[in-house]
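Inspection log for the structure reproduced underneath, given as structure tokens.
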Amino acid sequence: MAGPLVSLLTDFGPDVAAAVCRGVIAGICPDARLLDISHSGTKFAVAEAAWRLVFALPYLPVGIHVAVVDPGVGTERRPVGLRAGRGDVLLGPDNGLLLPAAERLGGIVEARLLAERSFFLEPVSSTFHARDVFAPTAAHLASGRPFADVGPVVDPQSLVPLELPRPTIAEDRLETSVAFVDDFGNVYLAGGPDDLAAAVGSLEPGRPFEVELAAAEGRAAVVERTTWQSTFGGVEPGASLLYRSSTGLLAWSDNQASLARRLGLRAGHGVRIRLAT
Amino acid sequence: MAGPLVSLLTDFGPDVAAAVCRGVIAGICPDARLLDISHSGTKFAVAEAAWRLVFALPYLPVGIHVAVVDPGVGTERRPVGLRAGRGDVLLGPDNGLLLPAAERLGGIVEARLLAERSFFLEPVSSTFHARDVFAPTAAHLASGRPFADVGPVVDPQSLVPLELPRPTIAEDRLETSVAFVDDFGNVYLAGGPDDLAAAVGSLEPGRPFEVELAAAEGRAAVVERTTWQSTFGGVEPGASLLYRSSTGLLAWSDNQASLARRLGLRAGHGVRIRLAT
Amino acid sequence: MAGPLVSLLTDFGPDVAAAVCRGVIAGICPDARLLDISHSGTKFAVAEAAWRLVFALPYLPVGIHVAVVDPGVGTERRPVGLRAGRGDVLLGPDNGLLLPAAERLGGIVEARLLAERSFFLEPVSSTFHARDVFAPTAAHLASGRPFADVGPVVDPQSLVPLELPRPTIAEDRLETSVAFVDDFGNVYLAGGPDDLAAAVGSLEPGRPFEVELAAAEGRAAVVERTTWQSTFGGVEPGASLLYRSSTGLLAWSDNQASLARRLGLRAGHGVRIRLAT
């Protein structure tokens, strides 16, 4: 019998902090199956990490998911647990990090404050709640303790919200923004292909588009020509393409190269897409 | 009873893509033992990744090995599975990536197209076959499905070849090239100590050599003096040595420093080794 | 029943060398639970890696811990195993790396030379003892072989020592130094809050301090003002604070930013802390 799955996502980088969390879980629940989602990414970037959970969790089995990107550690921000419709439990700081992924997993069925101190590592530090609060609580849940034991119910409406960017469908264009940039330099945009199609009509491989990048930080606006494609191989290496990414989001990439590096793109950058004339 | 071993090698970097593959496998085959070989390395560099498989797989237990460095994803390139003499199954794109390692594991016993769509994650994306094709097929094999179920046999002769560099034994020198550079900056050369010995005679610790680096990218040829050694400690920190690396390949390193960085060496660089006069 | 825990800490970076060790262990002891502590960090930096073990091992379950930062591989330096009071076995080179962590785990109960060649991968290379000596010996121990089988007892007094920095409590200040810098740029100092309190009196949130960085490498000494805090949130983002870190060491950080990068701090830097006037 395989043990319960416990996943970890943090902004701790490659040093020992994530391993300490793995060790805490392995000590409390020796048969937990540990799965690291990511520990890289921009430190303290809650929205970026929320996208990672959205991209990853639907492909993991039902489990207990610890996510810690926590600029407010040690302050009044609450430690929370969310039970999602699919059956998963997400544990992390109440700063919005968990909400988009919980939505993807069927919505929040129950939210609780993490308050059961017998689940914590004492003394609880003021700077490392992943180790002292979230990981050991996850391990106790993995060991079979019911979710109700973690602490009192909280109203999901009271959770700190997180607004991920959304596109606007205009008359002849999609107004969107960079949602996420992956390790290849692929640029994921707010919205899906349906949003773009609603603005400009059907998306056929080879159809030409103009992508306008808003002026930013003393840089003039840039307009790039590109084409819609169904796969990278539709264009030559180094050429760009718009396509439906594997996440479901609209994406913009250079084939076999980093578009994000070439154009200096980061999350939040404003982007307009229209048919090329 | 330990579960079946499933290894992963990709060029996905530290972001969530590799975790998504781990999640897919853990969902289909909960008792699979997942082992990450590497997700770093140069993106789209098929030969570099092929060396990684050659270096790693002989030291892993017999298992199912997923390797995805896949510049042709979504094009006509075939997804294939190779059963090797040792008993392993290697899954990945038909671009040569799997061939050198399959050779090291006893040669290809059987090659098959991955075509069993009930093993895939549907809808199969055009950009993330690691998630939608290779990982889930591996998980079904790990769950006990026979290799014959993945799809029809293909002729091993029809597989896209990959030529790894080979040395030439000349009258008084070895003509070789940089095969691989590791994270320490150790430089692995095509060929083994026997090849060098065939060119210049016996290799005794302390024997002096000249290494000539071919001119490259507007840079003049460079000649470095070095010595053959049986271990790093044969020279002072910072000094270079030629030696039999732990991979079996001939290697050239600076003791406790990065020779590759000092000399700007990368895979493909031409190298001549002769006895120093 | 969960299998025995085997942890790995190396300076091998993200390439395949650590995976080779995981593979060797998984082959010999299929039910070992592998836990990677870290493979990043400065290469050949024994003291830095010793801190990582000190920070991590107390939070891991009792197990077998392989640690390899080994500038002397292939020389006369001994491969050793240390049984600690808590029940763990630490395996690695006799260069001081293991000693501070063994101390934290209850001290050395028994030290042995790793000399049982039937536990090794033959032929043992001169450059990769993690693969050929340490990992397979760990796997045989994980498989149930008694510690006494690894080789003859050695006198703990004969082990190569490692001196980690210690603070000096002066009349009105603490004389200390940078012990470790983590991935966030948090700076850990030799000594604990008690040492600082012994020098300057009680530590109350908001109490102002001066931190003097010794001149280094042609750089003048720098004096920074900061405050003692109980958590990051006690100061604005970007402002610095002194605090009790989660490791127990005194630490100095910028809230939500990298103090180490801002001030160019690295292990060994001299630091004086006194009350601000």
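Following the order of the structure tokens, first chain is A, next is B, and so on, with residues numbered from 1 inside each chain and ligands from 1 in the order they appear.
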### Polymer residues at most 8 Å from segment 6-18 of chain B, only C-alpha atoms, same-chain spacing of 3 or more positions, as a PyMOL selection string
(chain A and resi 37-41+52+55-56+182-184) or (chain B and resi 21-22+32-44+49+53+63-69+138-139+142)
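Residues of segment 38-128 of chain B that DSSP places in alpha helix (DSSP H), based on the backbone of this structure, are B:Val46, B:Ala47, B:Glu48, B:Ala49, B:Ala50, B:Trp51, B:Arg52, B:Leu53, B:Val54, B:Phe55, B:Ala56, B:Leu99, B:Pro100, B:Ala101, B:Ala102, B:Glu103, B:Arg104.
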Restrict the selected residues to all heavy atoms and save them as a short mmCIF file (atom, residue, chain, number, x, y, z; two decimals), in the first residue's frame.
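Listing of again-v1.cif after writing:
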data_model
loop_
_atom_site.label_atom_id
_atom_site.label_comp_id
_atom_site.auth_asym_id
_atom_site.auth_seq_id
_atom_site.Cartn_x
_atom_site.Cartn_y
_atom_site.Cartn_z
N VAL B 46 20.39 17.61 -27.08
CA VAL B 46 20.12 16.18 -27.06
C VAL B 46 21.38 15.38 -26.71
O VAL B 46 21.35 14.47 -25.89
CB VAL B 46 19.52 15.74 -28.42
CG1 VAL B 46 19.39 14.22 -28.49
CG2 VAL B 46 18.16 16.41 -28.63
N ALA B 47 22.51 15.72 -27.33
CA ALA B 47 23.72 14.93 -27.08
C ALA B 47 24.19 15.07 -25.63
O ALA B 47 24.60 14.10 -25.00
CB ALA B 47 24.83 15.36 -28.05
N GLU B 48 24.12 16.27 -25.12
CA GLU B 48 24.51 16.49 -23.72
C GLU B 48 23.67 15.62 -22.79
O GLU B 48 24.18 14.98 -21.87
CB GLU B 48 24.34 17.97 -23.38
CG GLU B 48 24.74 18.35 -21.97
CD GLU B 48 24.41 19.81 -21.67
OE1 GLU B 48 24.86 20.70 -22.42
OE2 GLU B 48 23.69 20.06 -20.67
N ALA B 49 22.38 15.60 -23.04
CA ALA B 49 21.49 14.80 -22.19
C ALA B 49 21.73 13.30 -22.39
O ALA B 49 21.60 12.51 -21.45
CB ALA B 49 20.03 15.16 -22.47
N ALA B 50 22.09 12.93 -23.62
CA ALA B 50 22.39 11.51 -23.89
C ALA B 50 23.59 11.07 -23.04
O ALA B 50 23.62 9.94 -22.52
CB ALA B 50 22.67 11.30 -25.37
N TRP B 51 24.59 11.95 -22.91
CA TRP B 51 25.72 11.62 -22.02
C TRP B 51 25.25 11.44 -20.58
O TRP B 51 25.71 10.54 -19.87
CB TRP B 51 26.78 12.72 -22.06
CG TRP B 51 27.71 12.67 -23.24
CD1 TRP B 51 27.83 13.60 -24.23
CD2 TRP B 51 28.67 11.63 -23.55
NE1 TRP B 51 28.79 13.21 -25.13
CE2 TRP B 51 29.32 12.02 -24.74
CE3 TRP B 51 29.03 10.43 -22.95
CZ2 TRP B 51 30.32 11.24 -25.34
CZ3 TRP B 51 30.01 9.65 -23.53
CH2 TRP B 51 30.65 10.06 -24.71
N ARG B 52 24.33 12.30 -20.14
CA ARG B 52 23.85 12.15 -18.76
C ARG B 52 23.25 10.76 -18.54
O ARG B 52 23.45 10.14 -17.52
CB ARG B 52 22.82 13.23 -18.44
CG ARG B 52 23.41 14.59 -18.28
CD ARG B 52 22.48 15.58 -17.57
NE ARG B 52 23.27 16.76 -17.30
CZ ARG B 52 23.38 17.79 -18.14
NH1 ARG B 52 22.69 17.82 -19.25
NH2 ARG B 52 24.17 18.81 -17.84
N LEU B 53 22.46 10.32 -19.52
CA LEU B 53 21.87 8.98 -19.39
C LEU B 53 22.96 7.91 -19.37
O LEU B 53 22.88 6.94 -18.60
CB LEU B 53 20.89 8.72 -20.54
CG LEU B 53 19.61 9.56 -20.54
CD1 LEU B 53 18.83 9.29 -21.82
CD2 LEU B 53 18.75 9.24 -19.32
N VAL B 54 23.96 8.07 -20.21
CA VAL B 54 25.06 7.11 -20.23
C VAL B 54 25.78 7.07 -18.88
O VAL B 54 26.15 6.01 -18.38
CB VAL B 54 26.05 7.47 -21.37
CG1 VAL B 54 27.37 6.72 -21.21
CG2 VAL B 54 25.42 7.17 -22.72
N PHE B 55 25.97 8.23 -18.30
CA PHE B 55 26.68 8.30 -17.01
C PHE B 55 25.83 7.73 -15.87
O PHE B 55 26.36 7.14 -14.94
CB PHE B 55 27.05 9.75 -16.67
CG PHE B 55 28.01 10.40 -17.62
CD1 PHE B 55 28.07 11.79 -17.74
CD2 PHE B 55 28.87 9.65 -18.42
CE1 PHE B 55 28.95 12.40 -18.61
CE2 PHE B 55 29.76 10.25 -19.30
CZ PHE B 55 29.81 11.64 -19.40
N ALA B 56 24.53 7.95 -15.93
CA ALA B 56 23.69 7.63 -14.77
C ALA B 56 23.05 6.24 -14.82
O ALA B 56 23.07 5.51 -13.82
CB ALA B 56 22.59 8.69 -14.61
N LEU B 99 19.61 6.42 -27.38
CA LEU B 99 20.37 5.34 -27.99
C LEU B 99 21.68 5.00 -27.27
O LEU B 99 21.96 3.82 -27.02
CB LEU B 99 20.62 5.64 -29.46
CG LEU B 99 19.36 5.75 -30.33
CD1 LEU B 99 19.75 5.91 -31.80
CD2 LEU B 99 18.48 4.54 -30.15
N PRO B 100 22.52 6.00 -26.95
CA PRO B 100 23.79 5.61 -26.32
C PRO B 100 23.58 4.89 -24.98
O PRO B 100 24.30 3.92 -24.68
CB PRO B 100 24.51 6.95 -26.14
CG PRO B 100 23.93 7.84 -27.21
CD PRO B 100 22.48 7.43 -27.29
N ALA B 101 22.60 5.33 -24.20
CA ALA B 101 22.37 4.65 -22.93
C ALA B 101 21.81 3.25 -23.14
O ALA B 101 22.19 2.30 -22.43
CB ALA B 101 21.43 5.48 -22.05
N ALA B 102 20.91 3.10 -24.10
CA ALA B 102 20.38 1.75 -24.39
C ALA B 102 21.53 0.81 -24.76
O ALA B 102 21.55 -0.36 -24.35
CB ALA B 102 19.34 1.82 -25.50
N GLU B 103 22.47 1.34 -25.51
CA GLU B 103 23.65 0.56 -25.88
C GLU B 103 24.41 0.11 -24.63
O GLU B 103 24.81 -1.06 -24.51
CB GLU B 103 24.55 1.42 -26.78
CG GLU B 103 25.51 0.65 -27.63
CD GLU B 103 24.80 -0.36 -28.54
OE1 GLU B 103 23.74 -0.03 -29.12
OE2 GLU B 103 25.32 -1.49 -28.62
N ARG B 104 24.59 1.02 -23.68
CA ARG B 104 25.30 0.68 -22.44
C ARG B 104 24.57 -0.33 -21.58
O ARG B 104 25.17 -1.02 -20.76
CB ARG B 104 25.52 1.93 -21.57
CG ARG B 104 26.48 2.93 -22.14
CD ARG B 104 27.91 2.38 -22.13
NE ARG B 104 28.79 3.34 -22.77
CZ ARG B 104 29.61 4.15 -22.10
NH1 ARG B 104 29.67 4.08 -20.78
NH2 ARG B 104 30.36 5.01 -22.74
#
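Proximity ranking of C:Thr226, C:Thr277, C:Ser126, C:Thr247 relative to chain B places C:Ser126 first, based on only C-alpha atoms.
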### Message
as JSON, numbers by chain, could you give me every residue of chain B near chain C (at most 6 Å apart, counting only C-alpha atoms)?
### Response
{"B": [2, 37, 38, 56, 59, 60, 61, 231, 233, 246]}
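Of the residues under consideration (A:Ala276, A:Leu141, A:Leu265, A:Ala179), A:Ala276 shows the shortest atom-to-atom contact distance to Pro208 of chain A when counting only C-alpha atoms.
Between Pro205 of chain C and the candidates C:Gly234, C:Pro58, C:Gly185, C:Gly264, the tightest atom-to-atom separation, counting only C-alpha atoms, involves C:Gly234.
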### Message
I'd like the contact shell of Asp194 of chain A - 12 Å cut-off, only C-alpha atoms, skipping same-chain residues fewer than 6 positions apart - returned as a ChimeraX atom specification.
### Response
/A:167-169,174,200-203,243-244,248-250
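Using only C-alpha atoms, the smallest distance between any of A:Ala197, A:Leu5, A:Ile108, A:Leu275 and Val62 of chain A comes from A:Leu5.
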### Query
Per DSSP on the backbone, what are the strand (DSSP E) residues of segment 57-166 of chain C, as a ChimeraX atom specification?
/C:64-68,79-84,89-93,108-113,153-154
#### Entry: Selection: 8 Å around segment 257-261 of chain C, only C-alpha atoms, excl. self and same-chain fewer than 2 positions, as an MDAnalysis selection string
chainID C and resid 181 184:187 237:238 240 252:255 263:266
